[in-house]
Amino acid sequence: MMMQKQDNAKVLARLARLAALKAMTVRELKTEWQGLMGSAAPNNSRSFLEQRLAYRIQELTWGGPSKPVIRLLDALADEVEGKKVRKSVISDPRNPVIGTRLVREWDGAEHIITVLKDGFDWQGRRYKSLSAVARDITGTQWNGYRFFGLRENRKDAA
């Protein structure tokens, strides 16, 4: 019960903060922007500042969109625009950090794969997936994440 009262108080404080935006001057809105965004306000447009600050306050209160929702929105925007400009944004979360080097021994040879922003590099060739790299190395179909040890075997996990 006490926790619910604290949560309600936080929500009410955020709502009061939202309402206060309308009464602020542009200078006060820019100061609020600095506090919430951690950077200088990009312009002096009152409506822009109010809308973005209101969104940020609500985001801090109730949370922003989930990663799957963001990926879906990016994919829909690409579809509407008729081009894939957000391809690098829609990346597989299983991928290691860009620049990571994956090392795998196969048939007595060591294979080094470098993770790129939009794929993988093996022997100077670019690949869109680890499965494609694994297929070229082995000559057979593999799940690339399993081949390079980035995914547990289901038997091991149980």
# chains A, B, ... in the order shown; residues from 1 in each chain; ligands from 1

call {"tool": "residues_around", "arguments": {"residues": "Lys30 in chain A", "least_positions_apart": "2", "cutoff": "10 Å", "atoms": "only C-alpha atoms", "output": "JSON list (two decimals) with N, CA and C atoms, in the first residue's frame"}}
result
[["chain", "number", "residue", "atom", "x", "y", "z"],
["A", 24, "MET", "N", 6.13, 27.88, -18.92],
["A", 24, "MET", "CA", 7.56, 28.25, -18.97],
["A", 24, "MET", "C", 7.87, 29.15, -20.16],
["A", 25, "THR", "N", 8.88, 29.98, -19.98],
["A", 25, "THR", "CA", 9.40, 30.78, -21.09],
["A", 25, "THR", "C", 10.30, 29.88, -21.93],
["A", 26, "VAL", "N", 10.65, 30.33, -23.11],
["A", 26, "VAL", "CA", 11.56, 29.56, -23.97],
["A", 26, "VAL", "C", 12.89, 29.34, -23.26],
["A", 27, "ARG", "N", 13.37, 30.35, -22.56],
["A", 27, "ARG", "CA", 14.64, 30.22, -21.83],
["A", 27, "ARG", "C", 14.52, 29.12, -20.76],
["A", 28, "GLU", "N", 13.39, 29.10, -20.05],
["A", 28, "GLU", "CA", 13.18, 28.07, -19.02],
["A", 28, "GLU", "C", 13.06, 26.68, -19.65],
["A", 32, "GLU", "N", 15.32, 23.42, -18.93],
["A", 32, "GLU", "CA", 14.72, 22.11, -18.66],
["A", 32, "GLU", "C", 15.28, 21.06, -19.62],
["A", 33, "TRP", "N", 15.44, 21.46, -20.87],
["A", 33, "TRP", "CA", 16.01, 20.57, -21.89],
["A", 33, "TRP", "C", 17.41, 20.12, -21.46],
["A", 34, "GLN", "N", 18.22, 21.06, -21.05],
["A", 34, "GLN", "CA", 19.59, 20.75, -20.62],
["A", 34, "GLN", "C", 19.58, 19.71, -19.49],
["A", 35, "GLY", "N", 18.66, 19.89, -18.55],
["A", 35, "GLY", "CA", 18.57, 18.96, -17.43],
["A", 35, "GLY", "C", 18.09, 17.58, -17.81],
["A", 36, "LEU", "N", 17.11, 17.50, -18.72],
["A", 36, "LEU", "CA", 16.54, 16.21, -19.09],
["A", 36, "LEU", "C", 17.31, 15.49, -20.20],
["A", 39, "SER", "N", 22.08, 17.96, -23.01],
["A", 39, "SER", "CA", 22.72, 18.72, -24.09],
["A", 39, "SER", "C", 21.95, 20.03, -24.28],
["A", 40, "ALA", "N", 22.54, 20.92, -25.05],
["A", 40, "ALA", "CA", 21.88, 22.20, -25.34],
["A", 40, "ALA", "C", 20.67, 21.95, -26.24],
["A", 41, "ALA", "N", 19.63, 22.76, -26.06],
["A", 41, "ALA", "CA", 18.44, 22.65, -26.90],
["A", 41, "ALA", "C", 18.81, 22.95, -28.35],
["A", 42, "PRO", "N", 18.27, 22.17, -29.31],
["A", 42, "PRO", "CA", 18.66, 22.34, -30.71],
["A", 42, "PRO", "C", 18.11, 23.59, -31.38],
["A", 43, "ASN", "N", 17.02, 24.15, -30.84],
["A", 43, "ASN", "CA", 16.45, 25.36, -31.45],
["A", 43, "ASN", "C", 15.60, 26.12, -30.43],
["A", 44, "ASN", "N", 14.99, 27.21, -30.88],
["A", 44, "ASN", "CA", 14.19, 28.06, -30.00],
["A", 44, "ASN", "C", 12.69, 27.90, -30.23],
["A", 45, "SER", "N", 12.28, 26.87, -30.93],
["A", 45, "SER", "CA", 10.86, 26.67, -31.22],
["A", 45, "SER", "C", 10.14, 26.20, -29.96],
["A", 46, "ARG", "N", 9.26, 27.04, -29.47],
["A", 46, "ARG", "CA", 8.52, 26.73, -28.24],
["A", 46, "ARG", "C", 7.76, 25.41, -28.37],
["A", 49, "LEU", "N", 10.14, 22.39, -28.36],
["A", 49, "LEU", "CA", 10.70, 22.13, -27.03],
["A", 49, "LEU", "C", 9.64, 21.53, -26.10],
["A", 50, "GLU", "N", 8.43, 22.07, -26.12],
["A", 50, "GLU", "CA", 7.36, 21.54, -25.26],
["A", 50, "GLU", "C", 7.06, 20.08, -25.60],
["A", 53, "LEU", "N", 10.10, 17.74, -24.69],
["A", 53, "LEU", "CA", 10.24, 17.64, -23.23],
["A", 53, "LEU", "C", 9.09, 16.82, -22.63]]

call {"tool": "closest_residue", "arguments": {"among": "A:Ala20, A:Met37, A:Val11, A:Ile70", "to": "Gln58 in chain A", "atoms": "only C-alpha atoms"}}
result
A:Val11

call {"tool": "atom_distance", "arguments": {"atom1": "CA of Ala19 in chain A", "atom2": "CA of Thr61 in chain A"}}
result
14.4 Å

call {"tool": "atom_distance", "arguments": {"atom1": "CA of Pro96 in chain A", "atom2": "CA of Asp118 in chain A"}}
result
11.8 Å

call {"tool": "residues_around", "arguments": {"residues": "range 129-143 of chain A", "least_positions_apart": "5", "cutoff": "12 Å", "atoms": "only C-alpha atoms", "output": "mmCIF file with N, CA, C and O atoms, in the first residue's frame"}}
result
data_model
loop_
_atom_site.group_PDB
_atom_site.id
_atom_site.type_symbol
_atom_site.label_atom_id
_atom_site.label_comp_id
_atom_site.auth_asym_id
_atom_site.auth_seq_id
_atom_site.Cartn_x
_atom_site.Cartn_y
_atom_site.Cartn_z
ATOM 1 N N SER A 91 19.702 -4.378 -36.362
ATOM 2 C CA SER A 91 20.724 -5.413 -36.365
ATOM 3 C C SER A 91 20.377 -6.483 -35.350
ATOM 4 O O SER A 91 19.589 -6.261 -34.434
ATOM 5 N N ASP A 92 20.955 -7.633 -35.520
ATOM 6 C CA ASP A 92 20.686 -8.758 -34.644
ATOM 7 C C ASP A 92 21.368 -8.535 -33.300
ATOM 8 O O ASP A 92 22.579 -8.344 -33.248
ATOM 9 N N ARG A 94 22.170 -10.540 -31.149
ATOM 10 C CA ARG A 94 23.110 -11.613 -30.810
ATOM 11 C C ARG A 94 24.514 -11.315 -31.312
ATOM 12 O O ARG A 94 25.476 -11.941 -30.873
ATOM 13 N N ASN A 95 24.636 -10.368 -32.258
ATOM 14 C CA ASN A 95 25.940 -10.070 -32.821
ATOM 15 C C ASN A 95 26.865 -9.477 -31.763
ATOM 16 O O ASN A 95 26.454 -8.642 -30.980
ATOM 17 N N PRO A 96 28.125 -9.900 -31.772
ATOM 18 C CA PRO A 96 29.092 -9.299 -30.852
ATOM 19 C C PRO A 96 29.341 -7.840 -31.223
ATOM 20 O O PRO A 96 28.943 -7.372 -32.284
ATOM 21 N N LEU A 102 36.287 -13.160 -34.106
ATOM 22 C CA LEU A 102 35.874 -14.520 -33.774
ATOM 23 C C LEU A 102 36.897 -15.475 -34.368
ATOM 24 O O LEU A 102 37.266 -15.346 -35.538
ATOM 25 N N VAL A 103 37.363 -16.410 -33.562
ATOM 26 C CA VAL A 103 38.372 -17.366 -34.026
ATOM 27 C C VAL A 103 37.779 -18.764 -33.942
ATOM 28 O O VAL A 103 37.256 -19.166 -32.908
ATOM 29 N N ARG A 104 37.880 -19.518 -35.045
ATOM 30 C CA ARG A 104 37.343 -20.878 -35.093
ATOM 31 C C ARG A 104 38.323 -21.746 -35.854
ATOM 32 O O ARG A 104 38.796 -21.386 -36.928
ATOM 33 N N GLU A 105 38.629 -22.888 -35.284
ATOM 34 C CA GLU A 105 39.494 -23.842 -35.986
ATOM 35 C C GLU A 105 38.601 -24.853 -36.691
ATOM 36 O O GLU A 105 37.630 -25.353 -36.115
ATOM 37 N N TRP A 106 38.931 -25.132 -37.958
ATOM 38 C CA TRP A 106 38.167 -26.102 -38.729
ATOM 39 C C TRP A 106 39.107 -26.812 -39.675
ATOM 40 O O TRP A 106 39.846 -26.169 -40.424
ATOM 41 N N ASP A 107 39.108 -28.123 -39.636
ATOM 42 C CA ASP A 107 39.975 -28.950 -40.482
ATOM 43 C C ASP A 107 41.442 -28.543 -40.362
ATOM 44 O O ASP A 107 42.162 -28.448 -41.365
ATOM 45 N N GLY A 108 41.888 -28.245 -39.151
ATOM 46 C CA GLY A 108 43.288 -27.913 -38.905
ATOM 47 C C GLY A 108 43.686 -26.499 -39.286
ATOM 48 O O GLY A 108 44.844 -26.124 -39.140
ATOM 49 N N ALA A 109 42.743 -25.695 -39.755
ATOM 50 C CA ALA A 109 43.052 -24.307 -40.127
ATOM 51 C C ALA A 109 42.309 -23.357 -39.191
ATOM 52 O O ALA A 109 41.167 -23.599 -38.802
ATOM 53 N N GLU A 110 42.989 -22.267 -38.828
ATOM 54 C CA GLU A 110 42.371 -21.251 -37.977
ATOM 55 C C GLU A 110 41.694 -20.199 -38.854
ATOM 56 O O GLU A 110 42.304 -19.693 -39.793
ATOM 57 N N HIS A 111 40.453 -19.897 -38.550
ATOM 58 C CA HIS A 111 39.677 -18.918 -39.308
ATOM 59 C C HIS A 111 39.334 -17.748 -38.384
ATOM 60 O O HIS A 111 38.784 -17.952 -37.309
ATOM 61 N N ILE A 112 39.667 -16.539 -38.828
ATOM 62 C CA ILE A 112 39.414 -15.341 -38.037
ATOM 63 C C ILE A 112 38.384 -14.481 -38.765
ATOM 64 O O ILE A 112 38.581 -14.099 -39.921
ATOM 65 N N ILE A 113 37.299 -14.188 -38.070
ATOM 66 C CA ILE A 113 36.204 -13.399 -38.624
ATOM 67 C C ILE A 113 36.105 -12.117 -37.815
ATOM 68 O O ILE A 113 36.147 -12.137 -36.587
ATOM 69 N N THR A 114 35.980 -10.978 -38.489
ATOM 70 C CA THR A 114 35.844 -9.691 -37.811
ATOM 71 C C THR A 114 34.409 -9.210 -37.942
ATOM 72 O O THR A 114 33.840 -9.222 -39.033
ATOM 73 N N VAL A 115 33.823 -8.781 -36.813
ATOM 74 C CA VAL A 115 32.457 -8.271 -36.810
ATOM 75 C C VAL A 115 32.483 -6.827 -37.304
ATOM 76 O O VAL A 115 33.221 -5.992 -36.784
ATOM 77 N N LEU A 116 31.682 -6.541 -38.337
ATOM 78 C CA LEU A 116 31.570 -5.206 -38.907
ATOM 79 C C LEU A 116 30.222 -4.604 -38.530
ATOM 80 O O LEU A 116 29.348 -5.288 -37.990
ATOM 81 N N LYS A 117 30.040 -3.341 -38.826
ATOM 82 C CA LYS A 117 28.776 -2.659 -38.517
ATOM 83 C C LYS A 117 27.606 -3.323 -39.230
ATOM 84 O O LYS A 117 26.533 -3.478 -38.670
ATOM 85 N N ASP A 118 27.825 -3.734 -40.465
ATOM 86 C CA ASP A 118 26.737 -4.288 -41.258
ATOM 87 C C ASP A 118 27.016 -5.693 -41.760
ATOM 88 O O ASP A 118 26.558 -6.093 -42.803
ATOM 89 N N GLY A 119 27.795 -6.466 -41.012
ATOM 90 C CA GLY A 119 28.070 -7.836 -41.415
ATOM 91 C C GLY A 119 29.346 -8.365 -40.801
ATOM 92 O O GLY A 119 29.705 -8.030 -39.668
ATOM 93 N N PHE A 120 30.058 -9.172 -41.591
ATOM 94 C CA PHE A 120 31.252 -9.854 -41.107
ATOM 95 C C PHE A 120 32.306 -9.894 -42.205
ATOM 96 O O PHE A 120 31.981 -9.884 -43.394
ATOM 97 N N ASP A 121 33.573 -9.936 -41.811
ATOM 98 C CA ASP A 121 34.679 -10.018 -42.765
ATOM 99 C C ASP A 121 35.444 -11.304 -42.495
ATOM 100 O O ASP A 121 35.822 -11.595 -41.360
ATOM 101 N N TRP A 122 35.672 -12.085 -43.552
ATOM 102 C CA TRP A 122 36.505 -13.282 -43.468
ATOM 103 C C TRP A 122 37.368 -13.324 -44.723
ATOM 104 O O TRP A 122 36.849 -13.268 -45.840
ATOM 105 N N GLN A 123 38.656 -13.325 -44.527
ATOM 106 C CA GLN A 123 39.633 -13.364 -45.622
ATOM 107 C C GLN A 123 39.396 -12.240 -46.636
ATOM 108 O O GLN A 123 39.493 -12.432 -47.845
ATOM 109 N N GLY A 124 39.057 -11.066 -46.133
ATOM 110 C CA GLY A 124 38.869 -9.911 -47.005
ATOM 111 C C GLY A 124 37.543 -9.867 -47.734
ATOM 112 O O GLY A 124 37.289 -8.960 -48.520
ATOM 113 N N PHE A 148 30.208 -20.623 -34.421
ATOM 114 C CA PHE A 148 31.225 -19.773 -33.807
ATOM 115 C C PHE A 148 31.105 -19.690 -32.284
ATOM 116 O O PHE A 148 31.758 -18.880 -31.639
ATOM 117 N N GLY A 149 30.258 -20.560 -31.697
ATOM 118 C CA GLY A 149 30.164 -20.640 -30.245
ATOM 119 C C GLY A 149 29.427 -19.483 -29.587
ATOM 120 O O GLY A 149 29.637 -19.201 -28.411
ATOM 121 N N LEU A 150 28.551 -18.824 -30.327
ATOM 122 C CA LEU A 150 27.804 -17.695 -29.772
ATOM 123 C C LEU A 150 26.412 -18.092 -29.301
ATOM 124 O O LEU A 150 25.679 -17.274 -28.791
ATOM 125 N N ARG A 151 26.073 -19.361 -29.474
ATOM 126 C CA ARG A 151 24.765 -19.843 -29.035
ATOM 127 C C ARG A 151 24.961 -21.184 -28.357
ATOM 128 O O ARG A 151 25.660 -22.052 -28.871
ATOM 129 N N GLU A 152 24.336 -21.336 -27.199
ATOM 130 C CA GLU A 152 24.452 -22.585 -26.463
ATOM 131 C C GLU A 152 23.695 -23.692 -27.175
ATOM 132 O O GLU A 152 22.681 -23.456 -27.822
ATOM 133 N N ASN A 153 24.178 -24.913 -27.024
ATOM 134 C CA ASN A 153 23.408 -26.055 -27.484
ATOM 135 C C ASN A 153 22.239 -26.225 -26.521
ATOM 136 O O ASN A 153 22.372 -26.027 -25.318
#

call {"tool": "closest_residue", "arguments": {"among": "A:Leu18, A:Ile98, A:Leu73, A:Leu12", "to": "Arg56 in chain A", "atoms": "only C-alpha atoms"}}
result
A:Leu18

call {"tool": "atom_distance", "arguments": {"atom1": "CA of Leu15 in chain A", "atom2": "CA of Ile57 in chain A"}}
result
8.6 Å

call {"tool": "select_by_dssp", "arguments": {"residues": "chain A", "states": "strand (DSSP E or B)", "output": "PyMOL selection string"}}
result
chain A and resi 101-106+109-116+119-122+125-127

call {"tool": "write_last_selection", "arguments": {"atoms": "N, CA and C atoms", "output": "short mmCIF file (atom, residue, chain, number, x, y, z; two decimals), in the first residue's frame"}}
result
data_model
loop_
_atom_site.label_atom_id
_atom_site.label_comp_id
_atom_site.auth_asym_id
_atom_site.auth_seq_id
_atom_site.Cartn_x
_atom_site.Cartn_y
_atom_site.Cartn_z
N ARG A 101 36.77 -10.02 -32.88
CA ARG A 101 37.34 -11.04 -33.77
C ARG A 101 36.93 -12.41 -33.26
N LEU A 102 36.29 -13.16 -34.11
CA LEU A 102 35.87 -14.52 -33.77
C LEU A 102 36.90 -15.48 -34.37
N VAL A 103 37.36 -16.41 -33.56
CA VAL A 103 38.37 -17.37 -34.03
C VAL A 103 37.78 -18.76 -33.94
N ARG A 104 37.88 -19.52 -35.04
CA ARG A 104 37.34 -20.88 -35.09
C ARG A 104 38.32 -21.75 -35.85
N GLU A 105 38.63 -22.89 -35.28
CA GLU A 105 39.49 -23.84 -35.99
C GLU A 105 38.60 -24.85 -36.69
N TRP A 106 38.93 -25.13 -37.96
CA TRP A 106 38.17 -26.10 -38.73
C TRP A 106 39.11 -26.81 -39.67
N ALA A 109 42.74 -25.70 -39.75
CA ALA A 109 43.05 -24.31 -40.13
C ALA A 109 42.31 -23.36 -39.19
N GLU A 110 42.99 -22.27 -38.83
CA GLU A 110 42.37 -21.25 -37.98
C GLU A 110 41.69 -20.20 -38.85
N HIS A 111 40.45 -19.90 -38.55
CA HIS A 111 39.68 -18.92 -39.31
C HIS A 111 39.33 -17.75 -38.38
N ILE A 112 39.67 -16.54 -38.83
CA ILE A 112 39.41 -15.34 -38.04
C ILE A 112 38.38 -14.48 -38.77
N ILE A 113 37.30 -14.19 -38.07
CA ILE A 113 36.20 -13.40 -38.62
C ILE A 113 36.11 -12.12 -37.81
N THR A 114 35.98 -10.98 -38.49
CA THR A 114 35.84 -9.69 -37.81
C THR A 114 34.41 -9.21 -37.94
N VAL A 115 33.82 -8.78 -36.81
CA VAL A 115 32.46 -8.27 -36.81
C VAL A 115 32.48 -6.83 -37.30
N LEU A 116 31.68 -6.54 -38.34
CA LEU A 116 31.57 -5.21 -38.91
C LEU A 116 30.22 -4.60 -38.53
N GLY A 119 27.79 -6.47 -41.01
CA GLY A 119 28.07 -7.84 -41.41
C GLY A 119 29.35 -8.37 -40.80
N PHE A 120 30.06 -9.17 -41.59
CA PHE A 120 31.25 -9.85 -41.11
C PHE A 120 32.31 -9.89 -42.21
N ASP A 121 33.57 -9.94 -41.81
CA ASP A 121 34.68 -10.02 -42.76
C ASP A 121 35.44 -11.30 -42.50
N TRP A 122 35.67 -12.09 -43.55
CA TRP A 122 36.51 -13.28 -43.47
C TRP A 122 37.37 -13.32 -44.72
N ARG A 125 36.68 -10.84 -47.48
CA ARG A 125 35.36 -10.86 -48.10
C ARG A 125 34.31 -10.49 -47.07
N ARG A 126 33.29 -9.76 -47.51
CA ARG A 126 32.22 -9.33 -46.60
C ARG A 126 31.03 -10.27 -46.72
N TYR A 127 30.45 -10.57 -45.56
CA TYR A 127 29.29 -11.45 -45.49
C TYR A 127 28.20 -10.76 -44.68
#
